[in-house]
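Read the structure below first, then the notes.
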Amino acid sequence: MVVILWTDGLVFLLLGLILVFAAFASRRPHLSLPWRRVGQSRSGMISAVILICLISVGLLDSFHFRPQIAIDKGKLVYSVEVLSAFDALVKTMRDHTERTYSSPFSAYAFSKETVAGAGGQSRVYPRLRYGGADLVDPDKERIPDILRRSFVAALEGIGAWALLAGILVISLSRGKGFIGTASTVLGGKTEIPWNAMLGTLLAIFLVAFPAFALSSHYHVFGTDKVGQDVFYLALKSIRTGLVIGTLTTLVMLPFAIFLGIMAGYLGGWLDDVIQYLYTMLNSIPAVLLIAASVLMMQVYIDAHPALFETMAERADLRLIFLCMILGMTSWTGLCRLLRGEALKLREMEYILAAQAFGVSRLRIVTRHILPNVMHIVLISVVMEFSSLVLAEAVLSYVGVGVDPSMISFGTMINSARLEMAREPMVWWPLAAAFVFMFAMVLSANLFADAVRDAFDPRTRVASRRILPERDEA
Amino acid sequence: MNLLELENLRTFLENNGNTVRAVDGVSFSIGKGETFALLGESGCGKSMTSLSILRLLPDAGRIADGDVFFQGSSLLSLPEKGMRDIRGKKIGIIFQEPGLSLNPVLKVGDQIGEVLVRHAHLDRAARKRRIVELLDQVGIPDPELRAGDYPFQFSGGMKQRVLIAMALAAEPDVLIADEPTTALDVTIQAQILDLLRSLQKKLGMAILLITHDLGVVSEMANRVAVMYAGEIVETASRDAFFARPAHPYSRKLFASLPGREKRGEALDMIRGVVPSLSRKFSGCRFAERCDHAFDLCRDVSPIWHDSGGSLVRCHLYADGKPGPTEEKKDVAQAVSRPDVPGEILLSVRDLSVHFPIHKGLFKRVAGRVAAVDGVSFSIEKGKTLALVGESGCGKTTLGKAILQLLAPTSGSVNYDGKEITGLDRQSLKRARQGLQIIFQDPYASLNPRMRIREIMEEGMPGMGSEERNARIPSLLEEVGLSEDAQYRYPHEFSGGQRQRIAIARALAVNPRLIVCDEPTSALDVSVQAQILNLLKRLQADHGLSFLFITHNISVVEYLAHEVAVMYLGRIVEKGKAEDILAAPAHPYTQALLAAVPSIARRTPQAMARFDLPSPADPPAGCHYHLRCPNSMPQCEIRYPESIRLGESHQVRCHLYGKDSAGSGD
């Protein structure tokens, strides 16, 4: 049974909007030109490849369903557990739960246990249920086994990469020779840095293919306290981070755009009211506001357990609310920027010309002001994304973030707090969360830089100033 | 020996793989104490030439070939450290935009002091004395006090004086003045030019004057070089150049200048546009716009020829040939001026626009800026009223208030017999149908994110799509653009073409009165001529009335029927253009007319003193009395009444009052 959670719906709505905009922009040169500049940025496109890989994991993780467990008198009975397409894909990783901690690639548990054996009870490191289970003598066989499996998977990765690269070159060649096109692509002589993107993809494949191949026989990032595979947890956290980073902006944008432009364009008492509103909101510590709202939400959810069929729905609702609350507290910065821009645009002569024609205010706002502030909106949305992902981690650490049952970087870090204090230290959950979050935030930041460079007119002033302003057709 | 010498200088700019040949083989030399003018339209490479001399090119620029010699030694082979001793000390520079060339957080005295620290080895006290001396030299009153002021406390003209003081601080041998007065009002421009002349006389420095203004060249230069598309096409002494410009381009520049003597005829235009400097040229660069071009021009780049008095790069002067024949005026193009007294289309009575000054926490109204203060005038059908004045006098505010884009504080605007102040949005929309506006900056007046078609459709809300499809091409054709322009975006057009689009947009509603707010001041002379011709033709064809807001007197002379002179929110003189231009009555009008650099006369005349006072705190009595050479005691007490001098000529000045002894000259 397919389950559409609120966040799934919104994520796909957002994806749809982006696709519609892309189709719309591709036919309009003034909209597509800055994106072409993004496409020419080497670091931007490298980070875009990484982001796309992360996003596809997140999207796979957003197709939810409830598996069918039995047929009872002609009626299908579904499990109370909500799974995603991603869960089904990595079923082994999900199902291979140990009893408790085990370190990465280990075949033994992390701590000694008392085992009843032939010679009475003894305290040993027991073998894991799944990690390296098919090895007879892990001490000797483990490393060759890992290497062999990695090597085969790496070859598969190269094969998959070559297939993709071949498809790309064929689609780019358009009748020209395959070899010639391939050499221009790999030589970096194309407008879009395909060679850098293909290089990144190859690196990702060389890491990801072995990691997935090994995950069915080992725990690549070890297991956590309750024996869950940490690699699985980290991959599941990607979706949470993406949802927080994107849906929050979706909540924030209407406030920021509407209020910002109203304040700037209409001015007067409305401007004063809006300014006071965001100044006030800014003076309340955001964490306090968020904590209060989340706790209120929690009380409501606890009081109405009948509203939710499954745990996942509960956790999802809480995630949505977190997005909303974060959105409510983070629109002020963009609002302030847009107000300033609208103030400036209001005095532009083309706005005056429109007024002289008697064009209505709404039309001036939608046709003249909004398109001319969109670059600011876009830049700040992309910049905001990474800070929101980080904010989620902080809030979950404090305990007011996502539902404890929801897997996220924040909850991983939160539990890692105690593990770090153990002797010997359990470092892998934190390391996994760190590596994935770092990759996501860094690539988002680099991509945001590329977007800002392409869209911000100020960064291009220098080159424009020195050129004679003669753009004759 | 020549002080500064350029030898075949080539400066290229790299832009995304395109090489822009901004300066392409320029040679000239400047002697001691000489003023050498580099004349050309925007984008021809004159500023790049000056930056190349000082080696201050932007990152994308490089000097590809040629050399620059200062006192016989090459500047291009100097190390950067040696070049720093040249900049400021040997060659000083002043830039166009005085507002952007001073650091706003440093006192002006300190900024001048910086130059002295670098180039003159003076102790603190001596440096201070020198700063005061320099400020005094450039005519800043109270130099001791003013040295401690910040740039924002200076007006534009005063800032330019400070910049000149900075450039002169180390007593350079050559001063490069890159459009030094373009951003300034005519009255201030006259002061600055006068200052440069007297300083040159006193200090004996050479000036490389970069300008697009023929009038400025005429007043300042000893020798002239005309630059076109990265090349110098003509060099001559000032007298020879103005007596008989040789190159067809130079001649066209003269012919496209508006002026009194050209009233009633169409201005001469240069066909087409300046070619892009990133392409390869074969033959003469002006050939495709030249009326005299023949086959040779398109294939072979001309060498220097002597035309008798000037050196010129034109095939028409080869082997001592006499050059292009004077063309006959195209009579058919001339626009007739029907001079029948018509009915009044727009009349403005006692219109005032006051802006409140807010202060303090609760935005208490602390004062008022009377941007427009009791202005009355009227415009007849099919006539042009020119509104003249310095920047900051309230002309633009008045234009916007007439269209109700700004709410007037008091007074009435009567358009075609109907009062249009104080109407609600709906009835205003109807009443405003016949009123339109064209703005100064063609880059800011078109929404960059809309196609031309969408821009023009804004003015036709009531029309169906078929009607629009018919109307838009015809409007574009009317302003001289092709039909397919409607599907393009504004950034694909040049400044002149954008201004045409703005005019087409204004015409979309069939207006009867167009407020033209400095429509040509951001454009080059040759493009200005195209726009002025277009406006004149539209007036003749459609019987349009224009309120032409400008500070350019030659444009007024060319196309105005009536003139109103505005000073600090009030009209100080108005009347028929012929009367006012021939016999200006108000001392301010006289100063304004005298300040215009003119090609015909060399000696500058009496000019207005000081700068425009702040409209927030105008002087008591007659606003002009502080700057007026004929100021009388009563001027300080009472604002003069309006006095009739002729049938339509009115002036507000005590010189002409019944009770005054003055008679007006």
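Just so we're on the same page: first chain in the structure tokens is A, next is B, and so on; residues restart at 1 for each chain, and ligands are numbered from 1 in the order they show up.
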Could you list, with a cut-off of 6 Å and counting only C-alpha atoms, the residues of chain B near chain A, each shown with its nearest atom pair and the distance in Å rounded to one decimal, rows sorted by chain and ascending number, as a Markdown table?
```
| residue | atom | partner | partner_atom | distance |
| --- | --- | --- | --- | --- |
| B:Gly43 | CA | A:Pro468 | CA | 4.5 |
| B:Lys429 | CA | A:Gly358 | CA | 5.2 |
| B:Ala444 | CA | A:Glu349 | CA | 5.7 |
| B:Ser445 | CA | A:Tyr350 | CA | 4.1 |
| B:Leu446 | CA | A:Tyr350 | CA | 5.1 |
| B:Asn447 | CA | A:Tyr350 | CA | 5.8 |
| B:Gly459 | CA | A:Phe357 | CA | 5.5 |
| B:Phe493 | CA | A:Glu472 | CA | 5.9 |
| B:Ser494 | CA | A:Glu472 | CA | 6.0 |
```
Neighbour list for Met406 of chain A as a ChimeraX atom specification, cut-off 8 Å, only C-alpha atoms, skip fewer than 4 positions in-chain: /A:312,315,402,411
Test item: residues at most 9 Å from Met205 of chain B, only C-alpha atoms, excluding those fewer than 6 positions along its chain, as an MDAnalysis selection string: chainID B and resid 32:35 171:175 199
Using C-alpha atoms, can you export the residues from the last selection as a PDB file, in the first residue's frame?
```
ATOM      1  CA  LYS B  32      55.134  71.500 -22.145  1.00  0.00           C
ATOM      2  CA  GLY B  33      52.312  73.751 -21.044  1.00  0.00           C
ATOM      3  CA  GLU B  34      50.039  72.561 -23.808  1.00  0.00           C
ATOM      4  CA  THR B  35      46.442  71.417 -23.612  1.00  0.00           C
ATOM      5  CA  GLU B 171      53.007  69.487  -8.938  1.00  0.00           C
ATOM      6  CA  PRO B 172      52.868  67.060 -11.822  1.00  0.00           C
ATOM      7  CA  ASP B 173      54.143  68.013 -15.246  1.00  0.00           C
ATOM      8  CA  VAL B 174      51.171  66.467 -16.981  1.00  0.00           C
ATOM      9  CA  LEU B 175      47.572  66.472 -15.780  1.00  0.00           C
ATOM     10  CA  LEU B 199      46.132  76.827 -12.873  1.00  0.00           C
TER      11      LEU B 199
END
```
Test item: residues at most 9 Å from His649 of chain B, only C-alpha atoms, excluding those fewer than 2 positions along its chain, as a PyMOL selection string: chain B and resi 573-576+579-580+643-647+651
Spatial neighbours of Ile261 of chain A, 10 Å, only C-alpha atoms, chain gap at least 6 places, as a ChimeraX atom specification: /A:255,267,271,335-343,346,365-366,369-370,373
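Distance-wise, atom CA of Ser443 of chain A and atom CA of Ala196 of chain A end up 14.3 Å apart.
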DSSP alpha helix (DSSP H) residues within segment 76-234 of chain B, as a ChimeraX atom specification: /B:80-86,98-101,108-119,124-137,143-146,156-168,186-203,214-220
Spatial neighbours of Leu267 of chain B, max dist 7 Å, only C-alpha atoms, sep filter under 6 positions, as a PyMOL selection string: chain B and resi 255-256+258+529+533
